[in-house]
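Note sheet for the following structure.
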Number of protein chains: 2
Amino acid sequence: MPIMIYLAGPDVFLPNAIEVGRQKMAICQEFGFEGLFPVDNDLGVEADAAAIFRANCAQMKRADVGVFNLSPFRGPSADAGTVFELGFLFSQNRPVYGYSNAPGSYITRVPTAGPLPKRGERGVDRDGLAVENFGLTDNLMIVEAIRASGGAIAFAPREGNAFASPALETIPAFRACLEIVRQRFH
Amino acid sequence: MPIMIYLAGPDVFLPNAIEVGRQKMAICQEFGFEGLFPVDNDLGVEADAAAIFRANCAQMKRADVGVFNLSPFRGPSADAGTVFELGFLFSQNRPVYGYSNAPGSYITRVPTAGPLPKRGERGVDRDGLAVENFGLTDNLMIVEAIRASGGAIAFAPREGNAFASPALETIPAFRACLEIVRQRFH
């Protein structure tokens, strides 16, 4: 039985989501894994939100490992549904890994009041709210969960125009992540 | 022993985070609960991200119920750390509840291409990415997890200027949420 990997990410919102899902599952096979893709798009817009939720939870429970597309989505952090699933799988004691097209630290993506503070100095956004400044690429709960599970985050800047949305061009980072997973499990 | 409630939310980033935490814990007591607040701010900016992560996970494991401030944070969705914790506690079979100062559906907070689609019709943002359009207030994984656990989300628009950041003024919604929790558990 190959190791089964849950492939979380906002890829499901791409106009060519099914194609991207197939591509990522094929890459999993190349690496000797079986990819499990969330079902949001297969069910279409008429599907019941509750049915999609249950199907994704069932897929997660089948998985041995979680691999998460943490590319920033509609803000400085990863997609909310993806982060929910990270918390879910971490809590189920699965090793979790991430990949992203944004290697910079979180604070560089939040418009701050005044100049960018040095690492460890207090950062404040334009609404007066504190900005985490640990040099991490996203909220500490995300990054530290991945570390605590023995996982890692792979980065590769987006390149070319392979997808309709360059913002979600993540194949190079995805491959780099699977290479790390392979070193641990094969 | 009172029921212990983990109080997740971006409140930890408020300039008066400790005061807000104390206020929400006092409201928990009013309702006969014990509130557990995340520790991000108590540890200060010099604290280790890994230590904060471990402390928050330990608090979550002590909790009987999770109550989540899902107010939109730096984008159309809830705060990423909060959503991670929602996935974690849901996966631990705890009943989870939400409250928010934004009662509108998710799609109303995402700038869409063209006019706002009707419920159930396909929504697309300005980058060509699909926007969930189930009439839910956030990503379906968030809302459906709360429903599946038997929880609910309470809304109250922000009012006045009680906090430094009006965007996180959530006391009325928080009280409404605790009232729902009390009806279930007391």
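Here's how to read the names in the structure tokens: chain A, B, ... by the order shown, residue numbers from 1 in each chain, ligand numbers from 1 in the order shown.
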Taking a cut-off of 7 Å and counting only C-alpha atoms, can you build a table that, for each residue of chain B near chain A, reports the nearest atom pair and how far apart they are in Å (one decimal), sorted by chain then residue number, as JSON lines?
```
{"residue": "B:Phe13", "atom": "CA", "partner": "A:Ala130", "partner_atom": "CA", "distance": 4.7}
{"residue": "B:Leu14", "atom": "CA", "partner": "A:Leu129", "partner_atom": "CA", "distance": 5.1}
{"residue": "B:Pro15", "atom": "CA", "partner": "A:Leu129", "partner_atom": "CA", "distance": 6.2}
{"residue": "B:Val45", "atom": "CA", "partner": "A:Gly120", "partner_atom": "CA", "distance": 6.3}
{"residue": "B:Glu46", "atom": "CA", "partner": "A:Gly120", "partner_atom": "CA", "distance": 6.4}
{"residue": "B:Ala49", "atom": "CA", "partner": "A:Leu140", "partner_atom": "CA", "distance": 6.1}
{"residue": "B:Ala50", "atom": "CA", "partner": "A:Glu144", "partner_atom": "CA", "distance": 5.9}
{"residue": "B:Phe53", "atom": "CA", "partner": "A:Met141", "partner_atom": "CA", "distance": 5.8}
{"residue": "B:Arg74", "atom": "CA", "partner": "A:Gly75", "partner_atom": "CA", "distance": 6.0}
{"residue": "B:Gly75", "atom": "CA", "partner": "A:Gly75", "partner_atom": "CA", "distance": 5.0}
{"residue": "B:Ser77", "atom": "CA", "partner": "A:Ala80", "partner_atom": "CA", "distance": 6.5}
{"residue": "B:Ala80", "atom": "CA", "partner": "A:Ala80", "partner_atom": "CA", "distance": 6.3}
{"residue": "B:Gly81", "atom": "CA", "partner": "A:Met141", "partner_atom": "CA", "distance": 5.5}
{"residue": "B:Val83", "atom": "CA", "partner": "A:Phe84", "partner_atom": "CA", "distance": 5.3}
{"residue": "B:Phe84", "atom": "CA", "partner": "A:Gly87", "partner_atom": "CA", "distance": 4.5}
{"residue": "B:Glu85", "atom": "CA", "partner": "A:Gly87", "partner_atom": "CA", "distance": 6.1}
{"residue": "B:Leu86", "atom": "CA", "partner": "A:Phe84", "partner_atom": "CA", "distance": 6.5}
{"residue": "B:Gly87", "atom": "CA", "partner": "A:Phe88", "partner_atom": "CA", "distance": 4.4}
{"residue": "B:Phe88", "atom": "CA", "partner": "A:Gly87", "partner_atom": "CA", "distance": 4.4}
{"residue": "B:Ser91", "atom": "CA", "partner": "A:Phe88", "partner_atom": "CA", "distance": 5.2}
{"residue": "B:Gln92", "atom": "CA", "partner": "A:Ser91", "partner_atom": "CA", "distance": 6.9}
{"residue": "B:Gly120", "atom": "CA", "partner": "A:Val45", "partner_atom": "CA", "distance": 6.3}
{"residue": "B:Arg122", "atom": "CA", "partner": "A:Val45", "partner_atom": "CA", "distance": 6.6}
{"residue": "B:Asp127", "atom": "CA", "partner": "A:Ser165", "partner_atom": "CA", "distance": 6.5}
{"residue": "B:Gly128", "atom": "CA", "partner": "A:Pro15", "partner_atom": "CA", "distance": 6.9}
{"residue": "B:Leu129", "atom": "CA", "partner": "A:Leu14", "partner_atom": "CA", "distance": 5.1}
{"residue": "B:Ala130", "atom": "CA", "partner": "A:Phe13", "partner_atom": "CA", "distance": 4.7}
{"residue": "B:Phe134", "atom": "CA", "partner": "A:Ala49", "partner_atom": "CA", "distance": 6.8}
{"residue": "B:Asn139", "atom": "CA", "partner": "A:Gly81", "partner_atom": "CA", "distance": 5.9}
{"residue": "B:Leu140", "atom": "CA", "partner": "A:Ala49", "partner_atom": "CA", "distance": 6.1}
{"residue": "B:Met141", "atom": "CA", "partner": "A:Gly81", "partner_atom": "CA", "distance": 5.5}
{"residue": "B:Ile142", "atom": "CA", "partner": "A:Gly81", "partner_atom": "CA", "distance": 6.9}
{"residue": "B:Glu144", "atom": "CA", "partner": "A:Ala50", "partner_atom": "CA", "distance": 5.9}
{"residue": "B:Ser165", "atom": "CA", "partner": "A:Asp127", "partner_atom": "CA", "distance": 6.5}
```
Generate a file of the selected residues that holds N, CA and C atoms, formatted as an mmCIF file, in the first residue's frame.
```
data_model
loop_
_atom_site.group_PDB
_atom_site.id
_atom_site.type_symbol
_atom_site.label_atom_id
_atom_site.label_comp_id
_atom_site.auth_asym_id
_atom_site.auth_seq_id
_atom_site.Cartn_x
_atom_site.Cartn_y
_atom_site.Cartn_z
ATOM 1 N N PHE B 13 -3.901 40.055 19.400
ATOM 2 C CA PHE B 13 -3.113 41.066 18.680
ATOM 3 C C PHE B 13 -3.549 42.500 18.999
ATOM 4 N N LEU B 14 -4.589 42.662 19.797
ATOM 5 C CA LEU B 14 -5.037 43.997 20.178
ATOM 6 C C LEU B 14 -3.991 44.670 21.064
ATOM 7 N N PRO B 15 -3.886 46.001 20.988
ATOM 8 C CA PRO B 15 -2.944 46.681 21.883
ATOM 9 C C PRO B 15 -3.315 46.466 23.349
ATOM 10 N N VAL B 45 6.910 39.626 23.171
ATOM 11 C CA VAL B 45 7.513 39.419 21.846
ATOM 12 C C VAL B 45 8.815 38.635 21.906
ATOM 13 N N GLU B 46 9.457 38.600 23.071
ATOM 14 C CA GLU B 46 10.721 37.859 23.146
ATOM 15 C C GLU B 46 10.493 36.354 23.237
ATOM 16 N N ALA B 49 8.412 31.243 19.537
ATOM 17 C CA ALA B 49 7.182 30.847 18.848
ATOM 18 C C ALA B 49 6.796 29.424 19.216
ATOM 19 N N ALA B 50 7.784 28.544 19.345
ATOM 20 C CA ALA B 50 7.492 27.144 19.665
ATOM 21 C C ALA B 50 6.884 27.022 21.060
ATOM 22 N N PHE B 53 3.273 28.096 20.864
ATOM 23 C CA PHE B 53 2.515 27.018 20.217
ATOM 24 C C PHE B 53 2.188 25.903 21.207
ATOM 25 N N ARG B 74 -7.581 40.770 8.463
ATOM 26 C CA ARG B 74 -6.621 40.972 7.364
ATOM 27 C C ARG B 74 -7.036 40.261 6.085
ATOM 28 N N GLY B 75 -8.321 40.226 5.831
ATOM 29 C CA GLY B 75 -8.853 39.586 4.638
ATOM 30 C C GLY B 75 -10.300 39.201 4.882
ATOM 31 N N SER B 77 -11.620 36.286 5.539
ATOM 32 C CA SER B 77 -11.825 35.145 6.443
ATOM 33 C C SER B 77 -11.347 35.450 7.852
ATOM 34 N N ALA B 80 -5.933 33.248 10.759
ATOM 35 C CA ALA B 80 -5.386 31.925 10.442
ATOM 36 C C ALA B 80 -5.094 31.098 11.699
ATOM 37 N N GLY B 81 -4.526 31.715 12.726
ATOM 38 C CA GLY B 81 -4.228 30.967 13.947
ATOM 39 C C GLY B 81 -5.505 30.448 14.606
ATOM 40 N N VAL B 83 -8.322 29.755 13.050
ATOM 41 C CA VAL B 83 -8.885 28.684 12.224
ATOM 42 C C VAL B 83 -8.103 27.380 12.430
ATOM 43 N N PHE B 84 -6.781 27.488 12.590
ATOM 44 C CA PHE B 84 -5.990 26.293 12.936
ATOM 45 C C PHE B 84 -6.549 25.654 14.209
ATOM 46 N N GLU B 85 -6.787 26.483 15.207
ATOM 47 C CA GLU B 85 -7.258 25.967 16.499
ATOM 48 C C GLU B 85 -8.666 25.382 16.390
ATOM 49 N N LEU B 86 -9.477 25.946 15.504
ATOM 50 C CA LEU B 86 -10.813 25.374 15.268
ATOM 51 C C LEU B 86 -10.692 23.957 14.710
ATOM 52 N N GLY B 87 -9.802 23.771 13.738
ATOM 53 C CA GLY B 87 -9.592 22.437 13.178
ATOM 54 C C GLY B 87 -9.074 21.469 14.227
ATOM 55 N N PHE B 88 -8.173 21.972 15.068
ATOM 56 C CA PHE B 88 -7.584 21.148 16.129
ATOM 57 C C PHE B 88 -8.661 20.679 17.110
ATOM 58 N N SER B 91 -11.312 18.345 15.670
ATOM 59 C CA SER B 91 -10.742 17.015 15.485
ATOM 60 C C SER B 91 -10.626 16.266 16.815
ATOM 61 N N GLN B 92 -10.528 17.012 17.916
ATOM 62 C CA GLN B 92 -10.496 16.409 19.257
ATOM 63 C C GLN B 92 -11.909 16.167 19.808
ATOM 64 N N GLY B 120 -25.746 30.285 -4.838
ATOM 65 C CA GLY B 120 -25.711 29.044 -5.603
ATOM 66 C C GLY B 120 -25.106 29.232 -6.987
ATOM 67 N N ARG B 122 -22.209 30.543 -9.620
ATOM 68 C CA ARG B 122 -20.769 30.534 -9.509
ATOM 69 C C ARG B 122 -20.235 31.956 -9.317
ATOM 70 N N ASP B 127 -9.150 37.726 -9.568
ATOM 71 C CA ASP B 127 -8.049 36.921 -10.092
ATOM 72 C C ASP B 127 -8.550 35.695 -10.852
ATOM 73 N N GLY B 128 -9.874 35.576 -11.014
ATOM 74 C CA GLY B 128 -10.419 34.420 -11.727
ATOM 75 C C GLY B 128 -10.593 33.187 -10.860
ATOM 76 N N LEU B 129 -10.423 33.348 -9.550
ATOM 77 C CA LEU B 129 -10.556 32.195 -8.636
ATOM 78 C C LEU B 129 -11.992 32.105 -8.123
ATOM 79 N N ALA B 130 -12.507 30.889 -8.028
ATOM 80 C CA ALA B 130 -13.875 30.686 -7.554
ATOM 81 C C ALA B 130 -14.030 31.187 -6.123
ATOM 82 N N PHE B 134 -22.241 29.669 -0.887
ATOM 83 C CA PHE B 134 -23.269 28.861 -0.238
ATOM 84 C C PHE B 134 -24.112 29.694 0.728
ATOM 85 N N ASN B 139 -15.454 30.304 4.928
ATOM 86 C CA ASN B 139 -15.130 29.030 4.286
ATOM 87 C C ASN B 139 -15.984 27.897 4.866
ATOM 88 N N LEU B 140 -16.462 27.034 3.989
ATOM 89 C CA LEU B 140 -17.409 26.001 4.446
ATOM 90 C C LEU B 140 -16.821 25.067 5.489
ATOM 91 N N MET B 141 -15.507 24.846 5.476
ATOM 92 C CA MET B 141 -14.913 23.946 6.472
ATOM 93 C C MET B 141 -15.120 24.502 7.880
ATOM 94 N N ILE B 142 -15.040 25.834 8.002
ATOM 95 C CA ILE B 142 -15.242 26.498 9.292
ATOM 96 C C ILE B 142 -16.688 26.357 9.756
ATOM 97 N N GLU B 144 -19.217 24.511 8.613
ATOM 98 C CA GLU B 144 -19.793 23.163 8.720
ATOM 99 C C GLU B 144 -19.201 22.385 9.893
ATOM 100 N N SER B 165 -9.227 48.928 18.517
ATOM 101 C CA SER B 165 -9.565 48.596 17.146
ATOM 102 C C SER B 165 -11.035 48.237 17.045
#
```
**Message:** Write out as a PyMOL selection string the set of residues from chain B that DSSP, computed on the backbone, places in helix (DSSP H, G or I).
**Reply:** chain B and resi 10-13+17-30+49-62+80-91+106-109+140-148+166-168+171-185
**Request:** Within region 27-98 of chain A, find each residue whose DSSP state, derived from the backbone, is strand (DSSP E), and express the selection as a list of chain:residue names.
**Result:**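 Everything in region 27-98 of chain A that counts as strand (DSSP E) is A:Glu34, A:Gly35, A:Leu36, A:Val65, A:Gly66, A:Val67, A:Phe68, A:Asn69, A:Val96, A:Tyr97, A:Gly98.
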Arg184 (chain A): which residues within 12 Å, counting only C-alpha atoms, same-chain residues fewer than 4 positions away excluded, as a PDB file with N, CA and C atoms, in the first residue's frame?
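As a result, out.pdb now contains:
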```
ATOM      1  N   ILE A   3       1.901   5.107   0.680  1.00  0.00           N
ATOM      2  CA  ILE A   3       1.521   6.118   1.670  1.00  0.00           C
ATOM      3  C   ILE A   3       0.531   7.090   1.027  1.00  0.00           C
ATOM      4  N   VAL A  65      -0.451  11.230   5.691  1.00  0.00           N
ATOM      5  CA  VAL A  65       0.366  12.446   5.737  1.00  0.00           C
ATOM      6  C   VAL A  65      -0.469  13.567   5.120  1.00  0.00           C
ATOM      7  N   PRO A  95       1.831  13.436  10.342  1.00  0.00           N
ATOM      8  CA  PRO A  95       2.892  14.363   9.935  1.00  0.00           C
ATOM      9  C   PRO A  95       2.341  15.338   8.892  1.00  0.00           C
ATOM     10  N   VAL A  96       2.610  16.631   9.070  1.00  0.00           N
ATOM     11  CA  VAL A  96       2.103  17.639   8.138  1.00  0.00           C
ATOM     12  C   VAL A  96       3.258  18.431   7.536  1.00  0.00           C
ATOM     13  N   TYR A  97       3.140  18.702   6.242  1.00  0.00           N
ATOM     14  CA  TYR A  97       4.146  19.417   5.465  1.00  0.00           C
ATOM     15  C   TYR A  97       3.460  20.570   4.732  1.00  0.00           C
ATOM     16  N   GLY A 150       7.304  17.040  12.832  1.00  0.00           N
ATOM     17  CA  GLY A 150       8.469  16.537  12.105  1.00  0.00           C
ATOM     18  C   GLY A 150       8.482  16.932  10.644  1.00  0.00           C
ATOM     19  N   GLY A 151       7.539  17.787  10.232  1.00  0.00           N
ATOM     20  CA  GLY A 151       7.446  18.205   8.839  1.00  0.00           C
ATOM     21  C   GLY A 151       8.306  19.410   8.522  1.00  0.00           C
ATOM     22  N   ALA A 152       8.099  19.977   7.349  1.00  0.00           N
ATOM     23  CA  ALA A 152       8.868  21.131   6.885  1.00  0.00           C
ATOM     24  C   ALA A 152       8.034  21.868   5.850  1.00  0.00           C
ATOM     25  N   CYS A 177       8.556  19.852  -1.880  1.00  0.00           N
ATOM     26  CA  CYS A 177       7.970  19.330  -0.646  1.00  0.00           C
ATOM     27  C   CYS A 177       7.899  17.806  -0.684  1.00  0.00           C
ATOM     28  N   LEU A 178       7.422  17.247  -1.801  1.00  0.00           N
ATOM     29  CA  LEU A 178       7.316  15.781  -1.894  1.00  0.00           C
ATOM     30  C   LEU A 178       8.686  15.116  -1.784  1.00  0.00           C
ATOM     31  N   GLU A 179       9.716  15.794  -2.281  1.00  0.00           N
ATOM     32  CA  GLU A 179      11.072  15.258  -2.156  1.00  0.00           C
ATOM     33  C   GLU A 179      11.447  15.127  -0.675  1.00  0.00           C
ATOM     34  N   ILE A 180      11.073  16.128   0.126  1.00  0.00           N
ATOM     35  CA  ILE A 180      11.343  16.074   1.571  1.00  0.00           C
ATOM     36  C   ILE A 180      10.545  14.940   2.219  1.00  0.00           C
TER      37      ILE A 180
END
```
**Between CA of Met60 (chain B) and CA of Leu36 (chain B) - distance in Å to one decimal** =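 Computing it gives 8.2 Å between the two atoms.
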**Message:** So that I can see what lies close to Met1 (chain B), please list as an NGL selection string the residues with an atom at most 12 Å from it, counting only C-alpha atoms and leaving out residues fewer than 3 positions away in the same chain.
**Reply:** :B and (4 or 32-34 or 63-64)
**Item:** Between CA of Ala58 (chain A) and CA of Leu7 (chain B), distance in Å (one decimal)
**Value:** 27.4 Å
**Asked** In Å, how far is it from CA of Ser71 (chain B) to CA of Pro115 (chain B)?
**Response**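 These atoms are spaced 24.5 Å apart.
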**Asked** Which one is closest to Ile171 (chain A): A:Ala156, A:Ile107, A:Ile146, A:Ala102? Count only C-alpha atoms.
**Response**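 Using only C-alpha atoms, Ile171 (chain A) sits closest to A:Ala156.
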**Request:** Give me the residues within 8 Å of Gln59 (chain A) as a PyMOL selection string, counting only C-alpha atoms and dropping any in the same chain fewer than 6 places off.
**Result:** chain A and resi 6+36-38
